[in-house]
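File shown: protein09.txt. Contents: compact mmCIF, C-alpha atoms.
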# COMPACT_ATOMS: atom_id res chain seq x y z
CA MET A 1 98.78 88.56 30.03
CA PRO A 2 99.84 90.32 26.78
CA THR A 3 103.13 92.15 27.23
CA ILE A 4 104.85 94.87 25.21
CA VAL A 5 108.65 94.88 25.30
CA SER A 6 110.70 97.83 24.01
CA GLY A 7 114.43 97.51 23.44
CA ARG A 8 117.46 98.09 21.26
CA ILE A 9 119.75 95.78 19.31
CA PRO A 10 122.94 96.61 17.35
CA ALA A 11 122.41 96.73 13.59
CA SER A 12 125.34 94.34 13.19
CA GLU A 13 123.24 91.68 14.95
CA PHE A 14 119.97 92.46 13.23
CA ALA A 15 119.45 93.90 9.75
CA LEU A 16 120.78 96.31 7.12
CA ASP A 17 124.10 96.84 8.92
CA TYR A 18 125.87 97.58 5.63
CA SER A 19 123.29 100.18 4.59
CA LEU A 20 123.29 101.92 7.97
CA GLU A 21 127.10 101.94 8.13
CA THR A 22 127.41 103.27 4.56
CA HIS A 23 124.78 105.98 5.10
CA PRO A 24 124.37 106.58 8.86
CA GLU A 25 121.89 109.36 8.09
CA LEU A 26 119.38 106.81 6.77
CA ILE A 27 116.29 106.01 8.81
CA PHE A 28 114.47 102.72 8.27
CA GLU A 29 111.01 102.32 9.74
CA THR A 30 108.95 99.18 9.32
CA GLU A 31 105.42 99.24 7.99
CA ARG A 32 105.10 95.47 8.36
CA ILE A 33 107.31 92.42 8.93
CA VAL A 34 106.33 88.90 7.89
CA THR A 35 108.23 85.64 7.61
CA SER A 36 108.95 83.77 4.41
CA GLY A 37 110.03 80.40 5.75
CA ASP A 38 112.76 79.98 8.35
CA GLU A 39 115.54 81.70 6.43
CA ALA A 40 114.07 84.94 5.15
CA ILE A 41 112.04 87.85 6.49
CA MET A 42 109.98 90.08 4.19
CA PRO A 43 109.55 93.59 5.59
CA LEU A 44 107.87 96.64 4.15
CA LEU A 45 110.15 99.54 5.03
CA TRP A 46 109.87 103.31 4.90
CA VAL A 47 113.29 104.80 4.13
CA ARG A 48 114.39 108.43 4.37
CA GLY A 49 117.60 110.39 4.82
CA ALA A 50 119.11 110.20 1.33
CA SER A 51 118.10 110.38 -2.32
CA GLN A 52 116.18 107.55 -3.94
CA GLU A 53 119.16 106.70 -6.13
CA GLU A 54 121.53 106.52 -3.16
CA ILE A 55 119.12 104.35 -1.19
CA GLN A 56 118.49 101.92 -4.02
CA GLU A 57 122.21 101.59 -4.81
CA THR A 58 123.00 100.97 -1.15
CA LEU A 59 120.28 98.36 -0.76
CA GLU A 60 121.42 96.57 -3.90
CA ASN A 61 124.93 96.33 -2.43
CA ASP A 62 123.75 95.20 1.01
CA PRO A 63 124.59 91.47 1.38
CA THR A 64 121.76 90.94 3.89
CA VAL A 65 119.08 92.11 1.47
CA ASP A 66 117.55 90.46 -1.60
CA ASN A 67 114.69 91.11 -4.02
CA VAL A 68 114.41 94.84 -3.31
CA THR A 69 111.32 96.45 -4.85
CA LEU A 70 110.31 100.12 -4.70
CA LEU A 71 106.58 100.29 -3.96
CA GLY A 72 106.04 104.01 -3.42
CA ASP A 73 107.78 107.34 -4.01
CA PHE A 74 106.70 110.13 -1.63
CA GLU A 75 109.27 112.82 -2.49
CA ASP A 76 111.41 112.62 0.67
CA GLU A 77 110.69 109.04 1.76
CA TRP A 78 110.22 105.77 -0.07
CA LEU A 79 108.41 102.51 0.64
CA PHE A 80 110.38 99.36 -0.19
CA GLN A 81 109.63 95.67 -0.04
CA MET A 82 112.60 93.35 0.33
CA GLU A 83 113.88 90.16 1.85
CA TRP A 84 116.24 90.09 4.82
CA VAL A 85 118.42 87.05 4.32
CA GLY A 86 121.00 87.63 7.06
CA HIS A 87 120.81 88.03 10.85
CA VAL A 88 117.17 86.93 10.86
CA ASP A 89 117.35 84.29 13.60
CA LEU A 90 116.11 86.69 16.30
CA ILE A 91 113.16 87.84 14.19
CA VAL A 92 112.22 84.26 13.34
CA GLN A 93 112.39 83.39 17.03
CA MET A 94 110.10 86.29 17.91
CA LEU A 95 107.56 85.81 15.14
CA ILE A 96 107.39 82.01 14.99
CA ASN A 97 108.69 80.46 18.19
CA SER A 98 107.42 83.14 20.57
CA GLU A 99 104.22 84.02 18.67
CA ALA A 100 105.14 87.70 18.94
CA THR A 101 104.07 90.65 16.81
CA ILE A 102 106.64 93.30 15.97
CA LEU A 103 104.70 96.53 16.39
CA ASP A 104 107.55 98.82 15.37
CA ALA A 105 111.17 98.60 14.31
CA VAL A 106 113.27 101.68 13.58
CA GLY A 107 116.85 101.49 12.30
CA HIS A 108 119.20 104.46 12.47
CA GLU A 109 122.98 104.86 12.70
CA ASP A 110 124.24 101.66 14.35
CA GLN A 111 121.14 100.25 16.01
CA TRP A 112 117.51 99.20 15.75
CA LYS A 113 114.83 100.01 18.28
CA LEU A 114 112.03 97.45 18.57
CA ARG A 115 108.62 97.35 20.18
CA VAL A 116 107.28 93.80 20.37
CA LEU A 117 103.95 92.43 21.59
CA TYR A 118 104.02 88.99 23.22
CA PRO A 119 100.77 87.10 23.94
CA ARG A 120 102.22 86.13 27.33
CA ARG A 121 105.16 87.47 29.31
CA SER A 122 106.62 83.96 29.57
CA LEU A 123 107.13 83.96 25.80
CA PHE A 124 109.40 86.98 26.09
CA SER A 125 111.52 84.94 28.51
CA GLU A 126 112.14 82.54 25.63
CA THR A 127 113.43 85.42 23.49
CA HIS A 128 115.63 86.58 26.36
CA GLU A 129 117.09 83.08 26.71
CA PHE A 130 117.60 82.91 22.93
CA CYS A 131 119.59 86.16 22.98
CA ASP A 132 121.76 84.89 25.84
CA ALA A 133 122.42 81.59 24.07
CA HIS A 134 123.37 83.27 20.79
CA GLY A 135 125.32 86.22 22.19
CA LEU A 136 122.82 88.84 20.99
CA ASN A 137 122.69 92.20 22.73
CA PHE A 138 119.00 92.95 23.03
CA GLU A 139 118.93 95.82 25.53
CA VAL A 140 115.48 95.94 27.11
CA GLU A 141 114.26 99.47 27.88
CA SER A 142 110.77 98.71 29.15
CA ILE A 143 108.35 95.86 29.77
CA ARG A 144 104.67 96.68 30.12
CA GLU A 145 101.87 94.22 30.74
CA LEU A 146 98.58 95.21 29.16
CA ASP A 147 95.60 95.21 31.46
CA SER A 148 91.93 95.99 31.03
CA GLU A 149 92.38 99.68 31.85
CA PRO A 150 92.50 101.89 28.72
CA ALA A 151 95.25 104.03 30.25
CA GLY A 152 97.57 101.05 30.55
CA ARG A 153 96.95 99.95 27.00
CA TYR A 154 98.23 103.27 25.68
CA GLY A 155 101.15 103.78 28.06
CA LEU A 156 99.39 106.54 30.01
CA THR A 157 98.82 107.10 33.70
CA ALA A 158 95.20 107.21 34.88
CA ASP A 159 95.39 111.01 35.29
CA GLN A 160 96.91 111.47 31.84
CA TYR A 161 94.25 109.30 30.22
CA GLU A 162 91.45 111.12 32.00
CA VAL A 163 92.57 114.61 31.06
CA LEU A 164 93.43 113.68 27.45
CA SER A 165 90.17 111.83 26.81
CA THR A 166 88.13 114.60 28.46
CA ALA A 167 89.91 117.28 26.44
CA ALA A 168 89.19 115.39 23.21
CA ALA A 169 85.55 114.75 24.12
CA LYS A 170 84.94 118.42 24.97
CA GLY A 171 86.54 119.71 21.79
CA TYR A 172 89.90 121.03 23.01
CA PHE A 173 91.61 119.78 19.83
CA GLU A 174 88.99 121.18 17.48
CA VAL A 175 89.55 124.34 15.41
CA PRO A 176 88.42 126.62 16.89
CA ARG A 177 88.65 125.07 20.36
CA ALA A 178 85.33 124.35 22.05
CA VAL A 179 86.88 124.37 25.53
CA THR A 180 89.83 126.24 27.02
CA LEU A 181 92.64 125.07 29.26
CA GLN A 182 91.20 127.15 32.07
CA GLU A 183 87.82 125.44 31.73
CA LEU A 184 89.50 122.03 31.79
CA ALA A 185 91.49 123.07 34.85
CA GLU A 186 88.30 124.08 36.64
CA GLU A 187 86.67 120.75 35.80
CA PHE A 188 89.58 118.81 37.29
CA ASP A 189 89.99 121.29 40.15
CA VAL A 190 93.67 121.84 39.37
CA SER A 191 95.69 124.79 38.16
CA HIS A 192 95.94 125.93 34.55
CA GLN A 193 99.62 124.88 34.62
CA ALA A 194 98.82 121.44 36.00
CA VAL A 195 96.29 120.54 33.33
CA SER A 196 98.61 121.90 30.62
CA GLU A 197 101.45 119.72 31.94
CA ARG A 198 99.21 116.62 32.06
CA LEU A 199 98.11 117.20 28.48
CA ARG A 200 101.70 117.65 27.31
CA ARG A 201 102.94 114.54 29.09
CA ALA A 202 99.95 112.52 27.93
CA THR A 203 100.49 113.58 24.33
CA ASP A 204 104.21 112.76 24.52
CA ALA A 205 103.45 109.32 25.99
CA LEU A 206 100.75 108.56 23.44
CA VAL A 207 102.91 109.58 20.48
CA GLU A 208 105.85 107.55 21.78
CA ASP A 209 103.69 104.50 22.38
CA THR A 210 101.78 104.58 19.10
CA LEU A 211 104.09 106.17 16.54
CA PHE A 212 107.28 104.92 18.17
CA VAL A 213 109.71 107.07 16.28
CA GLY A 214 112.39 106.12 18.75
CA LEU A 215 114.73 108.88 17.60
CA ASN A 216 115.78 112.30 18.78
CA GLU A 217 114.35 115.43 17.24
CA SER A 218 117.81 116.34 15.94
CA ASP A 219 117.71 113.26 13.71
CA PHE A 220 115.03 114.88 11.56
CA GLN A 221 116.58 118.33 11.21
Could you rewrite the structure in this file as structure tokens?
Amino acid sequence: MPTIVSGRIPASEFALDYSLETHPELIFETERIVTSGDEAIMPLLWVRGASQEEIQETLENDPTVDNVTLLGDFEDEWLFQMEWVGHVDLIVQMLINSEATILDAVGHEDQWKLRVLYPRRSLFSETHEFCDAHGLNFEVESIRELDSEPAGRYGLTADQYEVLSTAAAKGYFEVPRAVTLQELAEEFDVSHQAVSERLRRATDALVEDTLFVGLNESDFQ
């Protein structure tokens, strides 16, 4: 059964350690990661937290990075394409040997947070064994098997999925709203506070599972 694994790994064992150590305020967020043979990884990365000049200078001095190209300038964040030429063994193992897809990778301060989709849970076991054999500290935070239920695919409980999908279908998120919290509460036969809490928790879970920022709010202030 397809399985999503979320976890953290030190930047020193993964990618862009020099850049993150030089500018710990930087935030790297992957748009896409692909392999280029067995010795290089070619990611598209969103970068924010410093000026364009500072970021480009830092990347040019990073010994684990090669062929850095600026693809897009969006005022306070920039899209880069580059090659990772160091510490790529784990990524190669995930992408090639374990047939995994890296859904998200966010680098900040001294670590990266990953969310990885494996076609089968047994393939994650191979990554776990690889980390043990090579002394890599991949700290697993959650393992979730995907089932046929929509709620499970989006990291929601059944109650959260029901209230969120019903609210959307009835126009709660439209402007102006076509249904009120009180009307939703009456439909589910729960209190106004209960339906509000379910919506809040469902939204938090959905954002975490799909956007996967993986950082604290203070990191963006």
Got a sec: who's within 12 Å of Cys131 (chain A), counting all atoms listed in the file, leaving out chain neighbours fewer than 3 positions off, as number ranges by chain? A: 9, 13-14, 89-91, 93-94, 124-128, 134-140
For a test of reading the model, state the distance in Å between CA of Thr30 (chain A) and CA of Pro10 (chain A), rounded to one decimal. 16.3 Å
Using the file's own x, y and z axes, what box holds all listed atoms of region 194-199 of chain A with 5 Å on each side, keeping edges along x, y and z, and what are its centre and edge lengths in Å to one decimal, as lines of an AutoDock Vina configuration file?
center_x = 98.9
center_y = 119.3
center_z = 32.2
size_x = 15.2
size_y = 15.3
size_z = 17.5
Tell me which protein, DNA and RNA residues are within 8 Å of Ile41 (chain A), counting only C-alpha atoms, leaving out same-chain ones fewer than 3 positions away, and put them as a VMD selection string. chain A and resid 33 to 37 83 to 85 88 91 to 92
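If you look at CA of Ala133 (chain A) and CA of Leu95 (chain A), they are 17.8 Å away from each other.
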Contact residues around Ser19 (chain A) with all atoms listed in the file at 12 Å, ignoring same-chain residues under 2 positions, as number ranges by chain: A: 11-12, 15-17, 21-28, 47, 49-50, 54-65, 107-111
Would you save the residues from that selection as an mmCIF file, in the frame of the given file, using C-alpha atoms?
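The resulting file, again-v3.cif, is reproduced below:
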data_model
loop_
_atom_site.group_PDB
_atom_site.id
_atom_site.type_symbol
_atom_site.label_atom_id
_atom_site.label_comp_id
_atom_site.auth_asym_id
_atom_site.auth_seq_id
_atom_site.Cartn_x
_atom_site.Cartn_y
_atom_site.Cartn_z
ATOM 1 C CA ALA A 11 122.410 96.730 13.590
ATOM 2 C CA SER A 12 125.340 94.340 13.190
ATOM 3 C CA ALA A 15 119.450 93.900 9.750
ATOM 4 C CA LEU A 16 120.780 96.310 7.120
ATOM 5 C CA ASP A 17 124.100 96.840 8.920
ATOM 6 C CA GLU A 21 127.100 101.940 8.130
ATOM 7 C CA THR A 22 127.410 103.270 4.560
ATOM 8 C CA HIS A 23 124.780 105.980 5.100
ATOM 9 C CA PRO A 24 124.370 106.580 8.860
ATOM 10 C CA GLU A 25 121.890 109.360 8.090
ATOM 11 C CA LEU A 26 119.380 106.810 6.770
ATOM 12 C CA ILE A 27 116.290 106.010 8.810
ATOM 13 C CA PHE A 28 114.470 102.720 8.270
ATOM 14 C CA VAL A 47 113.290 104.800 4.130
ATOM 15 C CA GLY A 49 117.600 110.390 4.820
ATOM 16 C CA ALA A 50 119.110 110.200 1.330
ATOM 17 C CA GLU A 54 121.530 106.520 -3.160
ATOM 18 C CA ILE A 55 119.120 104.350 -1.190
ATOM 19 C CA GLN A 56 118.490 101.920 -4.020
ATOM 20 C CA GLU A 57 122.210 101.590 -4.810
ATOM 21 C CA THR A 58 123.000 100.970 -1.150
ATOM 22 C CA LEU A 59 120.280 98.360 -0.760
ATOM 23 C CA GLU A 60 121.420 96.570 -3.900
ATOM 24 C CA ASN A 61 124.930 96.330 -2.430
ATOM 25 C CA ASP A 62 123.750 95.200 1.010
ATOM 26 C CA PRO A 63 124.590 91.470 1.380
ATOM 27 C CA THR A 64 121.760 90.940 3.890
ATOM 28 C CA VAL A 65 119.080 92.110 1.470
ATOM 29 C CA GLY A 107 116.850 101.490 12.300
ATOM 30 C CA HIS A 108 119.200 104.460 12.470
ATOM 31 C CA GLU A 109 122.980 104.860 12.700
ATOM 32 C CA ASP A 110 124.240 101.660 14.350
ATOM 33 C CA GLN A 111 121.140 100.250 16.010
#
Nearby residues (only C-alpha atoms) at most 7 Å from region 180-184 of chain A, same-chain spacing under 5 positions excluded, as a ChimeraX atom specification: /A:172,192,196
Choose the residue, out of A:Ala100, A:Met82, A:Leu164, A:Ala194, that has the smallest atom-to-atom separation from Arg121 (chain A); count only C-alpha atoms.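 So, comparing all the options, the nearest one is A:Ala100.
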Exercise: Ala167 (chain A) partners within 12 Å, all atoms listed in the file, chain neighbours under 5 positions left out, as JSON, numbers by chain: {"A": [160, 161, 162, 172, 173, 174, 177, 178, 179, 180, 181, 182, 183, 184, 185, 187, 188, 195, 196, 198, 199, 200, 202, 203]}
Could you state the separation of CA of Gly86 (chain A) and CA of Pro43 (chain A) in Å, given to one decimal place?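 Rounded to one decimal, the two atoms are 13.0 Å apart.
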Which one of A:Leu45, A:Ser165, A:Asn97, A:Tyr18 sits closest to Gly72 (chain A) if you count only C-alpha atoms?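 With only C-alpha atoms as the atom set, the closest residue is A:Leu45.
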Nearest residue to Leu79 (chain A) from the set A:Arg115, A:Arg201, A:Arg48, A:Arg8 (distances using all atoms listed in the file):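 Among the listed residues, the smallest separation from Leu79 (chain A) belongs to A:Arg48.
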Counting only C-alpha atoms, the option among A:Leu206, A:Leu117, A:Val190, A:Leu146 closest to Leu103 (chain A):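 When distances to Leu103 (chain A) are compared using only C-alpha atoms, the smallest one comes from A:Leu117.
The residue that comes closest to Val5 (chain A), out of A:Met42, A:Leu20, A:Ala105, A:Ala169 and on the basis of all atoms listed in the file, is A:Ala105.
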Name the closest residue to Met1 (chain A) among the candidates A:Leu114, A:Leu44, A:Leu123, A:Leu70; distances are taken between atoms, counting all atoms listed in the file.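 That would be A:Leu123, the residue with the smallest distance to Met1 (chain A).
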